[in-house]
Structures are given as structure tokens and as C-alpha cells.
Amino acid sequence: MHEIAGNIRMLLEELPSGVSLVAVTKTRTPEEVLEAYNAGLRTFGENRVQEMAAKKLVLPPDISWHLIGHLQSNKVRQAVSTASVIESVDTLRLLRLIDDEASTQGKAIDCLLQIHIATEETKSGFSLTEARETDWSRVVSDLKAVKICGVMGMATFTEDTEKVRSEFRTLAGTFRHLRDTHFAGESCFRDISMGMSGDWQVAIEEGSTIIRVGTLIFGERIKK
Ligand SMILES: *Cc1c(COP(=O)(O)O)cnc(C)c1O
């Protein structure tokens, strides 16, 4: 079973410098994650807090865990103690809960603002209007432990590449707008997390700095 290592090598060869890879390990066993670790990866993404925490317990401590799925308020404590980055911050209320908890735990944590760019209802996130109209400078000045490091988004699940491209372009445009206005001077505001197994190349063409890839590395997920 050297398939995982081979898949990673092929993907990394095609990754431009400045773009980092989050290997998405939801539904994968710790053994599979360890194969990816042994192939050199140190950043992994999970969409459920409990699964992330369970894997963190049995895997090497130098792994950086990204939470990429919707976070419920009753899981904030465990999310903060487990993750180094929460990519799926989708409300101001959640952002403040994370900040309070991180401050209580004495832990600095990086967050990305998830922005809703798809036409599907199922994908959560700030609307484009909310993202552009929120007074982020004010929000940021109240934060004690959280740093906002950029944006995250998921395109519509479709074969229509031009639709996907236009959604990614919208996300990148929103990122630049925020960077140049509310977040001007915030040097940590620099990431655009977009692109998965089916659309990572388009995402990179549109300015992605973080891609989140599961299937291309580990194979198809068995649906539960
Ligand atoms: C599952 C998931 C991914 C990875 O999806 P693949 O198609 O397996 O690469 C990326 N981002 C999020 C938010 C996910 O839930």
C-alpha cells in the first residue's frame, strides 16, 4: 500500500510554491493518516471535531489540524483545544465564542472566514454581503486570542468548470477587497482556502493559497 505516498508525491509536484496542502482525512483510519504523515505531510483537515480529537490522540503531536466543517457551539471547547486552524467560522457569534474559549485556554488560534459562494443551500458561510459589510476592523479590535487569517469557500458541486471558476473568482475578489479595506495592515490576513479533489487546479488558477484534498490522496470515501 504505497498508493497514498505516490498520490501525495504527484500532487506536491504539481503544487506551485506559495500554495499549501491540507490533506482531508475525514472517514480515514489513523493508519491511513500515518501513511500520509510518513510521506511528509504535517497538515490535516477534518470536518468533525470529535473525529479530529480522536485522531489527534493517536497520531504524532507535530501534526497541525484544520477544522474545515461546520462547528456547533457546544463543540467549541474541544475544537479550540484540538485545532490549530478553524477554517469554518461562519458567524460572528461563533467567532466570539471561539475567541472567548481560546482566551480561557490561553491558546492562540487562527481562523478563516467561511464565505458562501456556491448556489447550493447546504454549504454554510457568511453571505457575500455580510462578508463585505461587516465592520471587521471593529470585530478584530475586540479579539483577544483569535487571528483572522483569510477566507475559505466551497464551490458548487458541478461539472461546470466555468461556474466553479466564477465562484472561486468571487471568493478571491472578496478576499482582496477585505485585505485592502478592513484588514489593511493585518499582515496575517493572507490566505484563500479553496479547491478540493475535483477543482483544485481551477482554484489555484484563481488565486488559492490552501487546497483541501481528500479523495485524490486517499481514494474514494466509503459513504456511511
Ligand atoms: C471533504 C472536504 C474536502 C475534501 O474533499 P475531496 O473531494 O475528498 O478532496 C474539502 N473541504 C471540505 C470542507 C470538505 O468537507
# chains A, B, ... in the order shown; residues from 1 in each chain; ligands from 1
call {"tool": "residues_near_ligand", "arguments": {"ligand": "ligand 1", "cutoff": "9 Å", "atoms": "only C-alpha atoms and all ligand atoms", "output": "VMD selection string"}}
result
chain A and resid 22 to 26 45 to 47 67 to 70 87 to 88 123 152 to 154 193 to 200 211 to 221
call {"tool": "residues_around", "arguments": {"residues": "Ala131 of chain A", "least_positions_apart": "5", "cutoff": "9 Å", "atoms": "only C-alpha atoms", "output": "PDB file with all heavy atoms, in the first residue's frame"}}
result
ATOM      1  N   LEU A 113     -12.542  32.966   7.597  1.00  0.00           N
ATOM      2  CA  LEU A 113     -13.964  33.259   7.464  1.00  0.00           C
ATOM      3  C   LEU A 113     -14.509  32.436   6.308  1.00  0.00           C
ATOM      4  O   LEU A 113     -14.072  32.595   5.161  1.00  0.00           O
ATOM      5  CB  LEU A 113     -14.157  34.752   7.167  1.00  0.00           C
ATOM      6  CG  LEU A 113     -13.525  35.711   8.178  1.00  0.00           C
ATOM      7  CD1 LEU A 113     -13.618  37.151   7.662  1.00  0.00           C
ATOM      8  CD2 LEU A 113     -14.188  35.569   9.549  1.00  0.00           C
ATOM      9  N   ILE A 115     -16.983  31.678   3.539  1.00  0.00           N
ATOM     10  CA  ILE A 115     -17.893  32.524   2.772  1.00  0.00           C
ATOM     11  C   ILE A 115     -18.683  31.675   1.792  1.00  0.00           C
ATOM     12  O   ILE A 115     -18.132  30.783   1.129  1.00  0.00           O
ATOM     13  CB  ILE A 115     -17.098  33.653   2.075  1.00  0.00           C
ATOM     14  CG1 ILE A 115     -16.483  34.530   3.181  1.00  0.00           C
ATOM     15  CG2 ILE A 115     -18.001  34.488   1.161  1.00  0.00           C
ATOM     16  CD1 ILE A 115     -15.606  35.634   2.706  1.00  0.00           C
ATOM     17  N   PHE A 126     -20.653  32.939   5.706  1.00  0.00           N
ATOM     18  CA  PHE A 126     -21.154  34.301   5.618  1.00  0.00           C
ATOM     19  C   PHE A 126     -21.616  34.539   4.190  1.00  0.00           C
ATOM     20  O   PHE A 126     -20.975  34.063   3.231  1.00  0.00           O
ATOM     21  CB  PHE A 126     -20.029  35.302   5.912  1.00  0.00           C
ATOM     22  CG  PHE A 126     -19.570  35.324   7.346  1.00  0.00           C
ATOM     23  CD1 PHE A 126     -18.472  34.578   7.754  1.00  0.00           C
ATOM     24  CD2 PHE A 126     -20.230  36.101   8.293  1.00  0.00           C
ATOM     25  CE1 PHE A 126     -18.035  34.602   9.070  1.00  0.00           C
ATOM     26  CE2 PHE A 126     -19.799  36.130   9.616  1.00  0.00           C
ATOM     27  CZ  PHE A 126     -18.704  35.382  10.006  1.00  0.00           C
ATOM     28  N   TRP A 136     -15.261  44.741  10.056  1.00  0.00           N
ATOM     29  CA  TRP A 136     -14.252  43.790  10.550  1.00  0.00           C
ATOM     30  C   TRP A 136     -13.182  44.460  11.406  1.00  0.00           C
ATOM     31  O   TRP A 136     -12.659  43.842  12.323  1.00  0.00           O
ATOM     32  CB  TRP A 136     -13.601  43.023   9.388  1.00  0.00           C
ATOM     33  CG  TRP A 136     -14.547  42.095   8.707  1.00  0.00           C
ATOM     34  CD1 TRP A 136     -15.108  42.253   7.474  1.00  0.00           C
ATOM     35  CD2 TRP A 136     -15.096  40.874   9.226  1.00  0.00           C
ATOM     36  NE1 TRP A 136     -15.959  41.214   7.186  1.00  0.00           N
ATOM     37  CE2 TRP A 136     -15.969  40.354   8.246  1.00  0.00           C
ATOM     38  CE3 TRP A 136     -14.945  40.174  10.426  1.00  0.00           C
ATOM     39  CZ2 TRP A 136     -16.676  39.163   8.412  1.00  0.00           C
ATOM     40  CZ3 TRP A 136     -15.644  38.988  10.605  1.00  0.00           C
ATOM     41  CH2 TRP A 136     -16.499  38.498   9.609  1.00  0.00           C
ATOM     42  N   THR A 174     -13.485  38.918  -3.091  1.00  0.00           N
ATOM     43  CA  THR A 174     -13.921  39.307  -1.744  1.00  0.00           C
ATOM     44  C   THR A 174     -12.715  39.352  -0.805  1.00  0.00           C
ATOM     45  O   THR A 174     -12.572  40.275   0.005  1.00  0.00           O
ATOM     46  CB  THR A 174     -14.966  38.296  -1.221  1.00  0.00           C
ATOM     47  OG1 THR A 174     -16.035  38.240  -2.161  1.00  0.00           O
ATOM     48  CG2 THR A 174     -15.497  38.707   0.138  1.00  0.00           C
ATOM     49  N   LEU A 178     -11.454  42.682   1.209  1.00  0.00           N
ATOM     50  CA  LEU A 178     -11.287  42.727   2.672  1.00  0.00           C
ATOM     51  C   LEU A 178      -9.845  43.062   3.038  1.00  0.00           C
ATOM     52  O   LEU A 178      -9.583  43.870   3.925  1.00  0.00           O
ATOM     53  CB  LEU A 178     -11.692  41.391   3.302  1.00  0.00           C
ATOM     54  CG  LEU A 178     -13.172  41.019   3.197  1.00  0.00           C
ATOM     55  CD1 LEU A 178     -13.413  39.649   3.823  1.00  0.00           C
ATOM     56  CD2 LEU A 178     -14.039  42.067   3.868  1.00  0.00           C
TER      57      LEU A 178
END
call {"tool": "closest_residue", "arguments": {"among": "A:Thr170, A:Ser81, A:Gln72, A:Ser141", "to": "Gly207 of chain A", "atoms": "only C-alpha atoms"}}
result
A:Thr170
call {"tool": "select_by_dssp", "arguments": {"residues": "segment 70-203 of chain A", "states": "strand (DSSP E)", "output": "ChimeraX atom specification"}}
result
/A:85-89,109-114,146-152,191-193
call {"tool": "residues_around", "arguments": {"residues": "Gln50 of chain A", "least_positions_apart": "5", "cutoff": "9 Å", "atoms": "only C-alpha atoms", "output": "MDAnalysis selection string"}}
result
chainID A and resid 55 75 78:79
call {"tool": "atom_distance", "arguments": {"atom1": "atom CA of Ala83 of chain A", "atom2": "atom CA of His66 of chain A"}}
result
5.6 Å
call {"tool": "closest_residue", "arguments": {"among": "A:Glu121, A:Val164, A:Leu57, A:Arg93", "to": "Ser73 of chain A", "atoms": "only C-alpha atoms"}}
result
A:Arg93
call {"tool": "closest_residue", "arguments": {"among": "A:Gln105, A:Thr158, A:Ala39, A:Thr27", "to": "Leu12 of chain A", "atoms": "only C-alpha atoms"}}
result
A:Ala39
call {"tool": "select_by_dssp", "arguments": {"residues": "segment 4-162 of chain A", "states": "helix (DSSP H, G or I)", "output": "PyMOL selection string"}}
result
chain A and resi 4-14+30-38+49-58+73-82+92-105+128-133+136-142+161-162
call {"tool": "write_last_selection", "arguments": {"atoms": "C-alpha atoms", "output": "tab-separated table (two decimals), in the first residue's frame"}}
result
chain	number	residue	atom	x	y	z
A	4	ILE	CA	-1.09	7.18	-0.67
A	5	ALA	CA	2.57	8.23	-0.77
A	6	GLY	CA	2.52	8.10	-4.58
A	7	ASN	CA	-0.61	10.20	-4.78
A	8	ILE	CA	0.92	12.77	-2.46
A	9	ARG	CA	4.12	12.92	-4.45
A	10	MET	CA	2.21	13.54	-7.70
A	11	LEU	CA	0.09	16.23	-6.12
A	12	LEU	CA	3.03	18.02	-4.50
A	13	GLU	CA	4.92	18.02	-7.79
A	14	GLU	CA	2.10	19.99	-9.37
A	30	PRO	CA	-5.28	6.63	11.72
A	31	GLU	CA	-3.14	4.14	9.76
A	32	GLU	CA	-4.01	5.88	6.50
A	33	VAL	CA	-3.28	9.26	8.04
A	34	LEU	CA	0.06	7.94	9.28
A	35	GLU	CA	0.95	6.90	5.74
A	36	ALA	CA	0.40	10.46	4.61
A	37	TYR	CA	2.42	11.68	7.58
A	38	ASN	CA	5.26	9.35	6.69
A	49	VAL	CA	-14.43	17.87	15.96
A	50	GLN	CA	-14.76	14.51	17.67
A	51	GLU	CA	-13.11	12.65	14.82
A	52	MET	CA	-10.30	15.20	14.76
A	53	ALA	CA	-9.75	14.90	18.52
A	54	ALA	CA	-9.78	11.09	18.39
A	55	LYS	CA	-7.14	11.05	15.65
A	56	LYS	CA	-5.02	13.67	17.33
A	57	LEU	CA	-4.76	11.42	20.40
A	58	VAL	CA	-3.21	8.53	18.49
A	73	SER	CA	-21.24	25.98	19.76
A	74	ASN	CA	-21.24	23.04	22.16
A	75	LYS	CA	-18.08	21.71	20.46
A	76	VAL	CA	-16.11	24.95	20.58
A	77	ARG	CA	-14.08	23.97	23.64
A	78	GLN	CA	-12.85	20.73	22.07
A	79	ALA	CA	-12.30	22.42	18.70
A	80	VAL	CA	-10.10	25.07	20.28
A	81	SER	CA	-8.07	22.59	22.28
A	82	THR	CA	-7.52	20.35	19.24
A	92	LEU	CA	-19.78	36.43	14.24
A	93	ARG	CA	-21.29	34.69	17.24
A	94	LEU	CA	-19.15	31.63	16.59
A	95	LEU	CA	-16.07	33.79	16.10
A	96	ARG	CA	-16.62	35.40	19.52
A	97	LEU	CA	-17.25	32.04	21.20
A	98	ILE	CA	-14.00	30.70	19.76
A	99	ASP	CA	-12.15	33.79	20.88
A	100	ASP	CA	-13.51	33.61	24.44
A	101	GLU	CA	-12.67	29.93	24.68
A	102	ALA	CA	-9.17	30.37	23.22
A	103	SER	CA	-8.53	33.18	25.64
A	104	THR	CA	-9.69	30.99	28.55
A	105	GLN	CA	-7.42	28.18	27.37
A	128	LEU	CA	-21.05	37.87	0.31
A	129	THR	CA	-22.99	40.86	1.57
A	130	GLU	CA	-22.28	40.05	5.22
A	131	ALA	CA	-18.64	39.47	4.42
A	132	ARG	CA	-18.31	42.81	2.68
A	133	GLU	CA	-20.46	44.89	5.01
A	136	TRP	CA	-14.25	43.79	10.55
A	137	SER	CA	-11.82	46.35	11.91
A	138	ARG	CA	-14.10	46.70	14.90
A	139	VAL	CA	-14.55	42.93	15.19
A	140	VAL	CA	-10.78	42.39	15.04
A	141	SER	CA	-10.05	45.04	17.66
A	142	ASP	CA	-12.22	43.09	20.14
A	161	THR	CA	-15.91	24.35	-14.64
A	162	GLU	CA	-16.78	27.88	-15.65
call {"tool": "atom_distance", "arguments": {"atom1": "atom CA of Ala145 of chain A", "atom2": "atom CA of Ser64 of chain A"}}
result
17.7 Å
call {"tool": "closest_residue", "arguments": {"among": "A:Gly173, A:Thr91, A:Gln201, A:Cys188", "to": "Ile109 of chain A", "atoms": "only C-alpha atoms"}}
result
A:Cys188
call {"tool": "atom_distance", "arguments": {"atom1": "atom CA of Asp191 of chain A", "atom2": "atom CA of Thr209 of chain A"}}
result
5.7 Å
call {"tool": "closest_residue", "arguments": {"among": "A:Arg179, A:Val202, A:Val151, A:Ile192", "to": "Arg165 of chain A", "atoms": "only C-alpha atoms"}}
result
A:Val202
call {"tool": "closest_residue", "arguments": {"among": "A:Thr156, A:Ser208, A:Ser187, A:Thr29", "to": "Thr122 of chain A", "atoms": "only C-alpha atoms"}}
result
A:Thr156
